[in-house]
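K.L.:
Quick one, work.cif (mmCIF, C-alpha atoms and all ligand atoms):
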```cif
data_structure
loop_
_atom_site.group_PDB
_atom_site.id
_atom_site.type_symbol
_atom_site.label_atom_id
_atom_site.label_comp_id
_atom_site.auth_asym_id
_atom_site.auth_seq_id
_atom_site.Cartn_x
_atom_site.Cartn_y
_atom_site.Cartn_z
ATOM 1 C CA MET A 1 82.591 45.274 120.150
ATOM 2 C CA GLY A 2 83.276 45.023 123.969
ATOM 3 C CA ASN A 3 80.526 44.776 126.529
ATOM 4 C CA SER A 4 77.356 46.212 124.953
ATOM 5 C CA LEU A 5 75.786 47.231 128.292
ATOM 6 C CA GLU A 6 78.947 49.133 129.165
ATOM 7 C CA ASN A 7 78.995 50.726 125.688
ATOM 8 C CA ASN A 8 75.358 51.825 125.943
ATOM 9 C CA TYR A 9 76.092 53.376 129.301
ATOM 10 C CA LEU A 10 79.163 55.164 127.944
ATOM 11 C CA LYS A 11 77.255 56.451 124.897
ATOM 12 C CA ARG A 12 74.456 57.850 127.056
ATOM 13 C CA TYR A 13 77.027 59.376 129.399
ATOM 14 C CA ILE A 14 78.885 61.074 126.520
ATOM 15 C CA ILE A 15 75.681 62.486 124.980
ATOM 16 C CA ARG A 16 74.503 63.837 128.338
ATOM 17 C CA LYS A 17 77.887 65.369 129.127
ATOM 18 C CA ALA A 18 78.300 66.852 125.610
ATOM 19 C CA LYS A 19 74.904 68.534 125.834
ATOM 20 C CA GLN A 20 75.632 69.840 129.330
ATOM 21 C CA LEU A 21 78.808 71.392 127.908
ATOM 22 C CA GLY A 22 76.910 73.119 125.074
ATOM 23 C CA ALA A 23 76.884 70.727 122.098
ATOM 24 C CA GLU A 24 73.528 70.725 120.291
ATOM 25 C CA ILE A 25 74.185 67.741 118.040
ATOM 26 C CA VAL A 26 76.242 64.622 118.769
ATOM 27 C CA GLY A 27 76.979 61.616 116.532
ATOM 28 C CA PHE A 28 79.143 58.480 116.672
ATOM 29 C CA ALA A 29 81.098 56.854 113.833
ATOM 30 C CA PRO A 30 83.224 53.685 113.832
ATOM 31 C CA VAL A 31 86.561 54.112 112.049
ATOM 32 C CA SER A 32 85.569 51.394 109.556
ATOM 33 C CA ARG A 33 83.403 54.004 107.799
ATOM 34 C CA TRP A 34 86.513 55.798 106.504
ATOM 35 C CA GLU A 35 87.611 52.568 104.801
ATOM 36 C CA GLU A 36 84.134 51.682 103.534
ATOM 37 C CA ASN A 37 83.202 55.076 102.067
ATOM 38 C CA LYS A 38 86.595 56.342 100.894
ATOM 39 C CA ASP A 39 85.651 60.054 100.741
ATOM 40 C CA THR A 40 89.259 60.780 101.633
ATOM 41 C CA THR A 41 92.626 59.006 101.541
ATOM 42 C CA LEU A 42 94.475 56.917 104.131
ATOM 43 C CA PRO A 43 96.652 59.700 105.667
ATOM 44 C CA TYR A 44 93.428 61.493 106.700
ATOM 45 C CA TYR A 45 91.799 58.449 108.342
ATOM 46 C CA PRO A 46 91.516 58.942 112.134
ATOM 47 C CA GLN A 47 92.912 55.439 112.759
ATOM 48 C CA ASN A 48 95.960 56.372 110.711
ATOM 49 C CA ILE A 49 96.544 59.668 112.545
ATOM 50 C CA PHE A 50 95.975 58.269 116.069
ATOM 51 C CA PRO A 51 96.175 54.460 115.748
ATOM 52 C CA PHE A 52 94.303 53.772 119.000
ATOM 53 C CA THR A 53 91.114 55.245 117.505
ATOM 54 C CA LYS A 54 88.094 52.935 117.248
ATOM 55 C CA SER A 55 85.297 55.537 117.305
ATOM 56 C CA VAL A 56 84.933 59.196 116.393
ATOM 57 C CA ILE A 57 82.455 61.375 118.269
ATOM 58 C CA VAL A 58 81.378 64.465 116.348
ATOM 59 C CA LEU A 59 79.862 67.434 118.156
ATOM 60 C CA GLY A 60 78.253 70.552 116.734
ATOM 61 C CA VAL A 61 77.234 73.995 117.916
ATOM 62 C CA PRO A 62 74.902 76.216 115.882
ATOM 63 C CA ILE A 63 75.506 79.547 114.189
ATOM 64 C CA LEU A 64 72.684 82.033 114.790
ATOM 65 C CA ILE A 65 71.167 83.181 111.489
ATOM 66 C CA PRO A 66 70.520 86.902 112.211
ATOM 67 C CA MET A 67 74.145 87.424 113.294
ATOM 68 C CA LEU A 68 75.451 85.482 110.283
ATOM 69 C CA ASP A 69 73.200 87.565 107.996
ATOM 70 C CA THR A 70 75.320 90.651 108.766
ATOM 71 C CA THR A 71 78.495 89.071 107.350
ATOM 72 C CA PRO A 72 81.119 90.343 106.702
ATOM 73 C CA SER A 73 80.989 92.140 110.049
ATOM 74 C CA ILE A 74 82.465 92.161 113.531
ATOM 75 C CA VAL A 75 79.110 90.804 114.775
ATOM 76 C CA TYR A 76 79.521 87.571 112.826
ATOM 77 C CA SER A 77 83.268 87.511 113.505
ATOM 78 C CA GLU A 78 82.655 87.529 117.255
ATOM 79 C CA LEU A 79 79.983 84.837 116.934
ATOM 80 C CA TYR A 80 82.467 82.695 115.006
ATOM 81 C CA ASN A 81 85.086 83.220 117.731
ATOM 82 C CA THR A 82 82.519 82.324 120.397
ATOM 83 C CA THR A 83 81.636 79.028 118.690
ATOM 84 C CA ASN A 84 85.351 78.252 118.376
ATOM 85 C CA ARG A 85 85.970 78.855 122.074
ATOM 86 C CA LEU A 86 82.983 76.681 122.936
ATOM 87 C CA LEU A 87 84.128 73.861 120.646
ATOM 88 C CA ASP A 88 87.624 73.940 122.153
ATOM 89 C CA GLU A 89 86.156 73.729 125.626
ATOM 90 C CA ILE A 90 83.677 70.967 124.810
ATOM 91 C CA GLY A 91 86.367 68.963 122.989
ATOM 92 C CA TYR A 92 88.856 69.276 125.821
ATOM 93 C CA LYS A 93 86.482 68.674 128.727
ATOM 94 C CA LEU A 94 84.731 65.751 127.087
ATOM 95 C CA SER A 95 88.047 64.101 126.169
ATOM 96 C CA VAL A 96 89.180 64.351 129.801
ATOM 97 C CA ALA A 97 85.821 63.007 131.025
ATOM 98 C CA ILE A 98 86.183 59.968 128.727
ATOM 99 C CA ASN A 99 89.763 59.464 129.990
ATOM 100 C CA VAL A 100 88.409 59.409 133.547
ATOM 101 C CA LYS A 101 86.040 56.606 132.463
ATOM 102 C CA GLY A 102 89.121 54.581 131.461
ATOM 103 C CA HIS A 103 89.308 55.215 127.682
ATOM 104 C CA LYS A 104 91.843 57.013 125.538
ATOM 105 C CA ALA A 105 90.312 60.134 124.007
ATOM 106 C CA ILE A 106 91.655 63.311 122.416
ATOM 107 C CA PHE A 107 89.947 66.040 120.440
ATOM 108 C CA PHE A 108 91.017 67.016 116.960
ATOM 109 C CA PRO A 109 90.887 70.838 117.045
ATOM 110 C CA ARG A 110 88.127 72.433 114.979
ATOM 111 C CA ASP A 111 90.479 74.522 112.787
ATOM 112 C CA GLY A 112 94.087 73.652 112.189
ATOM 113 C CA TYR A 113 96.064 76.644 110.899
ATOM 114 C CA GLY A 114 98.197 79.325 112.507
ATOM 115 C CA ASP A 115 97.535 82.084 109.995
ATOM 116 C CA ILE A 116 95.313 82.551 106.958
ATOM 117 C CA SER A 117 98.402 82.928 104.702
ATOM 118 C CA VAL A 118 99.087 79.227 105.344
ATOM 119 C CA LEU A 119 95.622 78.376 103.986
ATOM 120 C CA VAL A 120 96.192 80.516 100.910
ATOM 121 C CA ALA A 121 99.342 78.481 100.165
ATOM 122 C CA LYS A 122 97.709 75.143 101.133
ATOM 123 C CA PRO A 123 93.906 75.291 101.488
ATOM 124 C CA GLU A 124 93.515 71.942 103.265
ATOM 125 C CA ALA A 125 93.110 70.594 106.799
ATOM 126 C CA ALA A 126 94.757 67.580 108.450
ATOM 127 C CA PHE A 127 91.378 66.104 109.377
ATOM 128 C CA SER A 128 87.886 66.657 107.965
ATOM 129 C CA HIS A 129 85.164 67.184 110.571
ATOM 130 C CA VAL A 130 82.714 67.420 107.665
ATOM 131 C CA ILE A 131 83.448 63.850 106.572
ATOM 132 C CA ALA A 132 83.448 62.711 110.215
ATOM 133 C CA GLY A 133 80.043 64.368 110.699
ATOM 134 C CA LYS A 134 78.663 62.546 107.679
ATOM 135 C CA TYR A 135 79.960 59.199 108.976
ATOM 136 C CA ALA A 136 78.518 59.967 112.426
ATOM 137 C CA GLY A 137 75.047 60.382 110.920
ATOM 138 C CA LEU A 138 74.783 64.130 111.558
ATOM 139 C CA GLY A 139 74.161 65.142 107.948
ATOM 140 C CA THR A 140 75.249 64.961 104.324
ATOM 141 C CA ILE A 141 77.817 66.941 102.345
ATOM 142 C CA GLY A 142 76.276 69.720 100.259
ATOM 143 C CA TYR A 143 77.134 71.434 96.985
ATOM 144 C CA ASN A 144 79.057 74.029 99.038
ATOM 145 C CA HIS A 145 81.367 71.378 100.626
ATOM 146 C CA THR A 146 79.897 71.843 104.114
ATOM 147 C CA LEU A 147 78.035 69.379 106.318
ATOM 148 C CA LEU A 148 74.310 70.025 105.946
ATOM 149 C CA THR A 149 72.401 69.004 109.060
ATOM 150 C CA LYS A 150 68.671 68.585 109.557
ATOM 151 C CA GLU A 151 68.707 70.944 112.527
ATOM 152 C CA PHE A 152 70.866 73.826 111.291
ATOM 153 C CA GLY A 153 71.594 73.170 107.603
ATOM 154 C CA PRO A 154 75.285 74.117 107.144
ATOM 155 C CA ARG A 155 75.140 76.631 110.020
ATOM 156 C CA VAL A 156 76.962 74.432 112.481
ATOM 157 C CA ARG A 157 80.573 74.352 113.706
ATOM 158 C CA LEU A 158 82.122 70.979 114.476
ATOM 159 C CA VAL A 159 84.769 69.292 116.593
ATOM 160 C CA SER A 160 85.648 65.584 116.733
ATOM 161 C CA ILE A 161 86.824 63.354 119.564
ATOM 162 C CA LEU A 162 88.912 60.299 118.714
ATOM 163 C CA THR A 163 88.661 57.493 121.247
ATOM 164 C CA ASP A 164 89.609 53.846 121.702
ATOM 165 C CA ALA A 165 86.134 53.122 123.113
ATOM 166 C CA GLU A 166 84.001 51.025 120.794
ATOM 167 C CA ILE A 167 80.698 52.854 120.860
ATOM 168 C CA ALA A 168 77.521 51.848 119.016
ATOM 169 C CA PRO A 169 77.493 53.898 115.778
ATOM 170 C CA ASP A 170 74.690 56.164 114.596
ATOM 171 C CA LYS A 171 73.091 55.437 111.242
ATOM 172 C CA MET A 172 74.380 57.466 108.315
ATOM 173 C CA MET A 173 71.740 59.493 106.477
ATOM 174 C CA SER A 174 70.572 57.784 103.321
ATOM 175 C CA GLU A 175 69.011 60.837 101.650
ATOM 176 C CA GLU A 176 70.926 63.923 100.576
ATOM 177 C CA LEU A 177 69.845 67.111 102.376
ATOM 178 C CA CYS A 178 71.249 69.428 99.697
ATOM 179 C CA ILE A 179 68.556 70.349 97.146
ATOM 180 C CA LYS A 180 71.163 71.759 94.724
ATOM 181 C CA CYS A 181 69.432 75.123 94.492
ATOM 182 C CA GLU A 182 72.889 76.672 93.947
ATOM 183 C CA LEU A 183 72.044 79.763 95.996
ATOM 184 C CA CYS A 184 75.487 79.331 97.552
ATOM 185 C CA ARG A 185 77.100 79.516 94.103
ATOM 186 C CA LYS A 186 75.025 82.505 93.028
ATOM 187 C CA CYS A 187 75.795 84.511 96.191
ATOM 188 C CA CYS A 188 79.477 83.605 96.696
ATOM 189 C CA PRO A 189 81.439 86.883 96.488
ATOM 190 C CA THR A 190 84.417 85.183 94.810
ATOM 191 C CA SER A 191 82.539 82.821 92.471
ATOM 192 C CA ALA A 192 84.498 79.970 94.062
ATOM 193 C CA PHE A 193 81.982 77.284 93.065
ATOM 194 C CA THR A 194 81.514 76.056 89.538
ATOM 195 C CA THR A 195 78.565 73.959 88.493
ATOM 196 C CA THR A 196 79.202 70.263 88.117
ATOM 197 C CA ASP A 197 77.243 67.210 87.101
ATOM 198 C CA HIS A 198 77.847 65.940 90.629
ATOM 199 C CA LEU A 199 76.090 67.081 93.771
ATOM 200 C CA ILE A 200 79.263 68.574 95.230
ATOM 201 C CA ALA A 201 80.632 71.565 93.290
ATOM 202 C CA GLU A 202 84.086 72.073 91.925
ATOM 203 C CA MET A 203 85.564 74.633 94.299
ATOM 204 C CA ASP A 204 88.467 77.055 93.973
ATOM 205 C CA LYS A 205 89.610 76.937 97.602
ATOM 206 C CA THR A 206 92.501 79.325 96.955
ATOM 207 C CA LYS A 207 90.111 82.061 95.776
ATOM 208 C CA CYS A 208 88.076 81.579 98.952
ATOM 209 C CA ALA A 209 91.199 81.629 101.167
ATOM 210 C CA MET A 210 92.540 84.784 99.471
ATOM 211 C CA TYR A 211 89.254 86.560 100.125
ATOM 212 C CA HIS A 212 89.489 85.481 103.762
ATOM 213 C CA GLU A 213 92.990 86.935 103.950
ATOM 214 C CA GLN A 214 91.553 90.345 103.071
ATOM 215 C CA LEU A 215 88.592 89.932 105.467
ATOM 216 C CA LYS A 216 90.983 89.077 108.279
ATOM 217 C CA LYS A 217 92.986 92.258 107.641
ATOM 218 C CA ASP A 218 89.692 94.143 107.808
ATOM 219 C CA TYR A 219 88.703 92.456 111.137
ATOM 220 C CA ARG A 220 85.527 90.955 109.665
ATOM 221 C CA TYR A 221 86.441 87.348 109.149
ATOM 222 C CA PRO A 222 85.168 84.811 108.038
ATOM 223 C CA CYS A 223 82.923 85.173 104.975
ATOM 224 C CA GLY A 224 80.217 82.549 105.564
ATOM 225 C CA VAL A 225 77.944 83.644 102.712
ATOM 226 C CA CYS A 226 77.602 80.072 101.394
ATOM 227 C CA ILE A 227 76.226 78.900 104.756
ATOM 228 C CA LYS A 228 74.153 82.057 105.345
ATOM 229 C CA VAL A 229 72.071 81.678 102.178
ATOM 230 C CA CYS A 230 71.426 77.929 102.334
ATOM 231 C CA PRO A 231 67.678 77.215 102.711
ATOM 232 C CA VAL A 232 68.207 73.834 104.421
ATOM 233 C CA GLY A 233 67.771 73.480 108.201
ATOM 234 C CA ASP A 234 65.088 73.595 110.879
ATOM 235 C CA ASP A 235 66.624 76.871 112.116
ATOM 236 C CA ARG A 236 64.865 78.428 109.092
ATOM 237 C CA LYS A 237 61.535 77.667 110.793
ATOM 238 C CA LEU A 238 62.497 80.100 113.520
ATOM 239 C CA TYR A 239 64.062 82.809 111.356
ATOM 240 C CA GLY A 240 62.356 82.317 107.988
ATOM 241 C CA LYS A 241 63.730 82.082 104.461
ATOM 242 C CA ASN A 242 65.341 85.168 102.959
ATOM 243 C CA THR A 243 66.012 83.825 99.464
ATOM 244 C CA ARG A 244 65.012 86.945 97.499
ATOM 245 C CA LYS A 245 66.828 89.229 99.935
ATOM 246 C CA TYR A 246 70.014 87.149 99.675
ATOM 247 C CA LEU A 247 69.905 86.950 95.884
ATOM 248 C CA ASN A 248 69.392 90.704 95.469
ATOM 249 C CA GLU A 249 71.764 91.883 98.188
ATOM 250 C CA LYS A 250 74.769 92.665 96.019
ATOM 251 C CA LYS A 251 72.770 94.333 93.222
ATOM 252 C CA ILE A 252 70.622 96.492 95.501
ATOM 253 C CA LEU A 253 73.486 97.598 97.732
ATOM 254 C CA THR A 254 75.592 98.493 94.677
ATOM 255 C CA GLN A 255 72.757 100.692 93.415
ATOM 256 C CA ASP A 256 71.803 102.069 96.823
ATOM 257 C CA PRO A 257 74.225 101.481 99.735
ATOM 258 C CA THR A 258 71.663 103.044 102.109
ATOM 259 C CA SER A 259 68.798 100.726 101.092
ATOM 260 C CA ALA A 260 66.351 100.497 104.020
ATOM 261 C CA GLU A 261 65.852 96.777 103.421
ATOM 262 C CA TYR A 262 69.483 96.054 104.278
ATOM 263 C CA SER A 263 70.063 98.863 106.791
ATOM 264 C CA GLY A 264 70.439 96.539 109.803
ATOM 265 C CA TRP A 265 73.140 94.525 108.039
ATOM 266 C CA THR A 266 75.004 97.551 106.661
ATOM 267 C CA HIS A 267 74.798 99.229 110.072
ATOM 268 C CA CYS A 268 76.586 96.259 111.685
ATOM 269 C CA ARG A 269 79.180 96.310 108.912
ATOM 270 C CA SER A 270 80.074 99.931 109.548
ATOM 271 C CA PHE A 271 81.285 99.499 113.138
ATOM 272 C CA GLY A 272 84.168 97.631 114.702
ATOM 273 C CA SER A 273 85.796 96.575 111.429
ATOM 274 C CA LYS A 274 87.272 98.326 108.391
HETATM 275 S S1 LIG A 301 72.508 76.618 99.108
HETATM 276 FE FE1 LIG A 301 71.411 75.057 97.904
HETATM 277 S S2 LIG A 301 73.029 74.096 96.641
HETATM 278 FE FE2 LIG A 301 74.065 75.245 98.247
HETATM 279 S S3 LIG A 301 74.410 73.701 99.844
HETATM 280 FE FE3 LIG A 301 72.471 74.719 100.327
HETATM 281 S S4 LIG A 301 70.884 73.444 99.376
HETATM 282 FE FE4 LIG A 301 72.852 72.851 98.484
HETATM 283 S S1 LIG A 302 83.165 81.202 102.328
HETATM 284 FE FE1 LIG A 302 82.545 82.938 101.024
HETATM 285 S S2 LIG A 302 84.149 83.098 99.461
HETATM 286 FE FE2 LIG A 302 84.345 81.084 100.405
HETATM 287 S S3 LIG A 302 83.153 79.727 99.118
HETATM 288 FE FE3 LIG A 302 81.785 80.395 100.771
HETATM 289 S S4 LIG A 302 80.737 82.164 99.940
HETATM 290 FE FE4 LIG A 302 82.508 81.817 98.627
#
```
Show how you would write the structure in this file as structure tokens.
Ligand code: SF4
Ligand code: SF4
P.N.:
Amino acid sequence: MGNSLENNYLKRYIIRKAKQLGAEIVGFAPVSRWEENKDTTLPYYPQNIFPFTKSVIVLGVPILIPMLDTTPSIVYSELYNTTNRLLDEIGYKLSVAINVKGHKAIFFPRDGYGDISVLVAKPEAAFSHVIAGKYAGLGTIGYNHTLLTKEFGPRVRLVSILTDAEIAPDKMMSEELCIKCELCRKCCPTSAFTTTDHLIAEMDKTKCAMYHEQLKKDYRYPCGVCIKVCPVGDDRKLYGKNTRKYLNEKKILTQDPTSAEYSGWTHCRSFGSK
């Protein structure tokens, strides 16, 4: 690994710049971790997609719980769009800044599909930021297939930068953050998760994508229930745990759509989307 003083300087520079641009969490993974851990297959390895890649930098921005709680709504939809714009900007500007320092660097866009109908036909992405985040030490993969982080649980959106700089890696987490409470399974509106003996659920991604197709037509996309209800994350210290409220939401609102307990959420759902 090149000059370690130079690498330390570059790592500090990237973290400082990423945070200035709006990233809340930043982690570094060497490409060897894709070969060592084999969570995916060769065509999805960053060094296979862009052969110059030696390190992957993963950056995350948080999703604010009270806005997510209103999902499906235009309030959450706009928050989702805001995080996407921010990730695009951070990814682009940081890649250029690393180029200026004399290293190849590109960002792999946070979502890679032109229309939701494409995901219904093929519910997969060309590159997994979730796996990259795990290898960069930002978290572990939960029952609901998302990256669970210490700071925000699964309520974090990610982008990755692929670079030829050899940067000191961050340690991968050794303990799973998911407590397998299965709240995500119980609250999923499409019952996309099925219980397994393993930590990570079997998931019907087509069911999930088809539901998103409808939400998109209704201008209240995406769903996000499986990240909303997850109890993991320090952001819960600020906003509290709503386990009972989440579990009862569907039943209570079916019985009484005007329930006072949920009135803030249902209010947001009745404006700006169908
Ligand atoms: S809701 Fe529970 S089971 Fe689902 S990802 Fe979070 S901790 Fe794991
Ligand atoms: S996004 Fe919604 S529909 Fe898809 S798995 Fe999560 S809770 Fe279920």
K.L.:
Kindly assemble as a tab-separated table a list of the chain A residues that lie within 8 Å of ligand LIG 302 (chain A), each paired with its nearest atom pair and their distance in Å to one decimal, using only C-alpha atoms and all ligand atoms, sorted first by chain and then by ascending residue number.
P.N.:
```
residue	atom	partner	partner_atom	distance
A:Asn144	CA	A:LIG302	S3	7.0
A:Cys184	CA	A:LIG302	S4	6.4
A:Arg185	CA	A:LIG302	S4	7.4
A:Cys187	CA	A:LIG302	S4	6.6
A:Cys188	CA	A:LIG302	S4	3.8
A:Pro189	CA	A:LIG302	S2	5.5
A:Thr190	CA	A:LIG302	S2	5.1
A:Ser191	CA	A:LIG302	FE4	6.2
A:Ala192	CA	A:LIG302	S3	5.2
A:Phe193	CA	A:LIG302	S3	6.6
A:Met203	CA	A:LIG302	S3	7.4
A:Asp204	CA	A:LIG302	S3	7.9
A:Lys205	CA	A:LIG302	S3	7.2
A:Lys207	CA	A:LIG302	S2	7.1
A:Cys208	CA	A:LIG302	FE2	4.0
A:Ala209	CA	A:LIG302	FE2	6.9
A:Tyr211	CA	A:LIG302	S2	6.2
A:His212	CA	A:LIG302	S2	7.3
A:Pro222	CA	A:LIG302	S1	7.0
A:Cys223	CA	A:LIG302	FE1	4.6
A:Gly224	CA	A:LIG302	S1	4.6
A:Val225	CA	A:LIG302	S4	4.2
A:Cys226	CA	A:LIG302	S4	4.0
A:Ile227	CA	A:LIG302	FE3	7.0
```
K.L.:
May I have the residues within 9 Å of ligand LIG 301 (chain A), computed using only C-alpha atoms and all ligand atoms, as a PDB file with C-alpha atoms, keeping the file's coordinate frame?
P.N.:
```pdb
ATOM      1  CA  ILE A 141      77.817  66.941 102.345  1.00  0.00           C
ATOM      2  CA  GLY A 142      76.276  69.720 100.259  1.00  0.00           C
ATOM      3  CA  TYR A 143      77.134  71.434  96.985  1.00  0.00           C
ATOM      4  CA  ASN A 144      79.057  74.029  99.038  1.00  0.00           C
ATOM      5  CA  HIS A 145      81.367  71.378 100.626  1.00  0.00           C
ATOM      6  CA  THR A 146      79.897  71.843 104.114  1.00  0.00           C
ATOM      7  CA  LEU A 147      78.035  69.379 106.318  1.00  0.00           C
ATOM      8  CA  LEU A 148      74.310  70.025 105.946  1.00  0.00           C
ATOM      9  CA  GLY A 153      71.594  73.170 107.603  1.00  0.00           C
ATOM     10  CA  PRO A 154      75.285  74.117 107.144  1.00  0.00           C
ATOM     11  CA  LEU A 177      69.845  67.111 102.376  1.00  0.00           C
ATOM     12  CA  CYS A 178      71.249  69.428  99.697  1.00  0.00           C
ATOM     13  CA  ILE A 179      68.556  70.349  97.146  1.00  0.00           C
ATOM     14  CA  LYS A 180      71.163  71.759  94.724  1.00  0.00           C
ATOM     15  CA  CYS A 181      69.432  75.123  94.492  1.00  0.00           C
ATOM     16  CA  GLU A 182      72.889  76.672  93.947  1.00  0.00           C
ATOM     17  CA  LEU A 183      72.044  79.763  95.996  1.00  0.00           C
ATOM     18  CA  CYS A 184      75.487  79.331  97.552  1.00  0.00           C
ATOM     19  CA  ARG A 185      77.100  79.516  94.103  1.00  0.00           C
ATOM     20  CA  LYS A 186      75.025  82.505  93.028  1.00  0.00           C
ATOM     21  CA  LEU A 199      76.090  67.081  93.771  1.00  0.00           C
ATOM     22  CA  ILE A 200      79.263  68.574  95.230  1.00  0.00           C
ATOM     23  CA  ALA A 201      80.632  71.565  93.290  1.00  0.00           C
ATOM     24  CA  CYS A 226      77.602  80.072 101.394  1.00  0.00           C
ATOM     25  CA  ILE A 227      76.226  78.900 104.756  1.00  0.00           C
ATOM     26  CA  LYS A 228      74.153  82.057 105.345  1.00  0.00           C
ATOM     27  CA  VAL A 229      72.071  81.678 102.178  1.00  0.00           C
ATOM     28  CA  CYS A 230      71.426  77.929 102.334  1.00  0.00           C
ATOM     29  CA  PRO A 231      67.678  77.215 102.711  1.00  0.00           C
ATOM     30  CA  VAL A 232      68.207  73.834 104.421  1.00  0.00           C
TER      31      VAL A 232
END
```
K.L.:
Evaluated on this file, the PyMOL selection byres (((chain A and resi 164) around 8) and not hetatm) picks out some residues - which ones are they, written as a list in words?
P.N.:
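Selected by the PyMOL selection byres (((chain A and resi 164) around 8) and not hetatm) here: Phe52, Thr53, Lys54, Ser55, His103, Lys104, Ala105, Leu162, Thr163, Ala165 and Glu166 of chain A.
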K.L.:
From the set A:Ile98, A:Leu79, A:Arg157, A:Lys217, which residue has the shortest atom-to-atom contact distance to Pro66 (chain A), counting all atoms listed in the file?
P.N.:
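Among the listed residues, A:Leu79 lies closest to Pro66 (chain A).
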K.L.:
What's the 10 Å shell around Met67 (chain A), counting all atoms listed in the file, without same-chain residues fewer than 2 positions away, as a compact mmCIF listing (two decimals) with C-alpha atoms, in the frame of the given file?
P.N.:
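To be explicit, this is the file written out as part15.txt:
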```txt
# COMPACT_ATOMS: atom_id res chain seq x y z
CA ILE A 63 75.51 79.55 114.19
CA LEU A 64 72.68 82.03 114.79
CA ILE A 65 71.17 83.18 111.49
CA ASP A 69 73.20 87.56 108.00
CA THR A 70 75.32 90.65 108.77
CA THR A 71 78.50 89.07 107.35
CA SER A 73 80.99 92.14 110.05
CA ILE A 74 82.46 92.16 113.53
CA VAL A 75 79.11 90.80 114.78
CA TYR A 76 79.52 87.57 112.83
CA SER A 77 83.27 87.51 113.50
CA GLU A 78 82.66 87.53 117.26
CA LEU A 79 79.98 84.84 116.93
CA TYR A 80 82.47 82.70 115.01
CA LYS A 228 74.15 82.06 105.34
CA TRP A 265 73.14 94.52 108.04
CA CYS A 268 76.59 96.26 111.68
```
K.L.:
Counting only C-alpha atoms, which residues have an atom no more than 8 Å from (83.0, 55.8, 129.4) in the file's coordinates? Please list them as an MDAnalysis selection string.
P.N.:
chainID A and resid 6:7 9:11 13:14 97:103 165
K.L.:
Distance CA of Glu35 (chain A)-CA of Ile15 (chain A), one decimal place?
P.N.:
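So the answer is 25.5 Å.
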K.L.:
Determine the nearest neighbour of Thr40 (chain A) from the options A:Leu253, A:Val156, A:Met173, A:Ala126, counting all atoms listed in the file.
P.N.:
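Selected residue with least distance to Thr40 (chain A): A:Ala126.
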K.L.:
Let me have the centre and edge lengths in Å, one decimal, of the box along x, y and z around every listed atom of region 210-229 of chain A with 6 Å of margin on each side, as JSON.
P.N.:
```
{"center_x": 82.5, "center_y": 86.5, "center_z": 105.3, "size_x": 32.9, "size_y": 27.2, "size_z": 23.7}
```
K.L.:
What's the separation between CA of Ser32 (chain A) and CA of Tyr44 (chain A), in Å to one decimal place?
P.N.:
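Rounded to one decimal, the two atoms are 13.1 Å apart.
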K.L.:
By how many Å are CA of Glu176 (chain A) and CA of Thr140 (chain A) apart?
P.N.:
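Pair CA of Glu176 (chain A) / CA of Thr140 (chain A) returns 5.8 Å.
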K.L.:
From the set A:Tyr135, A:Tyr262, A:Tyr239, A:Trp34, which residue has the shortest atom-to-atom contact distance to Gln47 (chain A), counting all atoms listed in the file?
P.N.:
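So, comparing all the options, the nearest one is A:Trp34.
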K.L.:
Here is a test: counting all atoms listed in the file, which residue of A:Val61, A:Ile106, A:Leu86, A:Ile116 is nearest to Leu158 (chain A)?
P.N.:
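Nearest candidate to Leu158 (chain A) out of A:Val61, A:Ile106, A:Leu86, A:Ile116: A:Val61.
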K.L.:
Running the PyMOL selection byres (((chain A and resi 110) around 10) and not hetatm) on this model by hand, what would come out? Give it as a list in words.
P.N.:
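Written out, the selection comes to Thr83, Asn84, Arg85, Leu87, Asp88, Gly91, Phe107, Phe108, Pro109, Asp111, Gly112, Tyr113, Ala125, Phe127, Ser128, His129, Arg157, Leu158, Val159 and Ser160 of chain A.
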K.L.:
Find the residues around Val58 (chain A) up to 7 Å (all atoms listed in the file counted), leave out those fewer than 4 positions away in its own chain, and share them as a list in words.
P.N.:
Val26, Gly27, Phe28, Ala132, Gly133, Ala136, Leu158, Val159, Ser160 and Ile161 of chain A
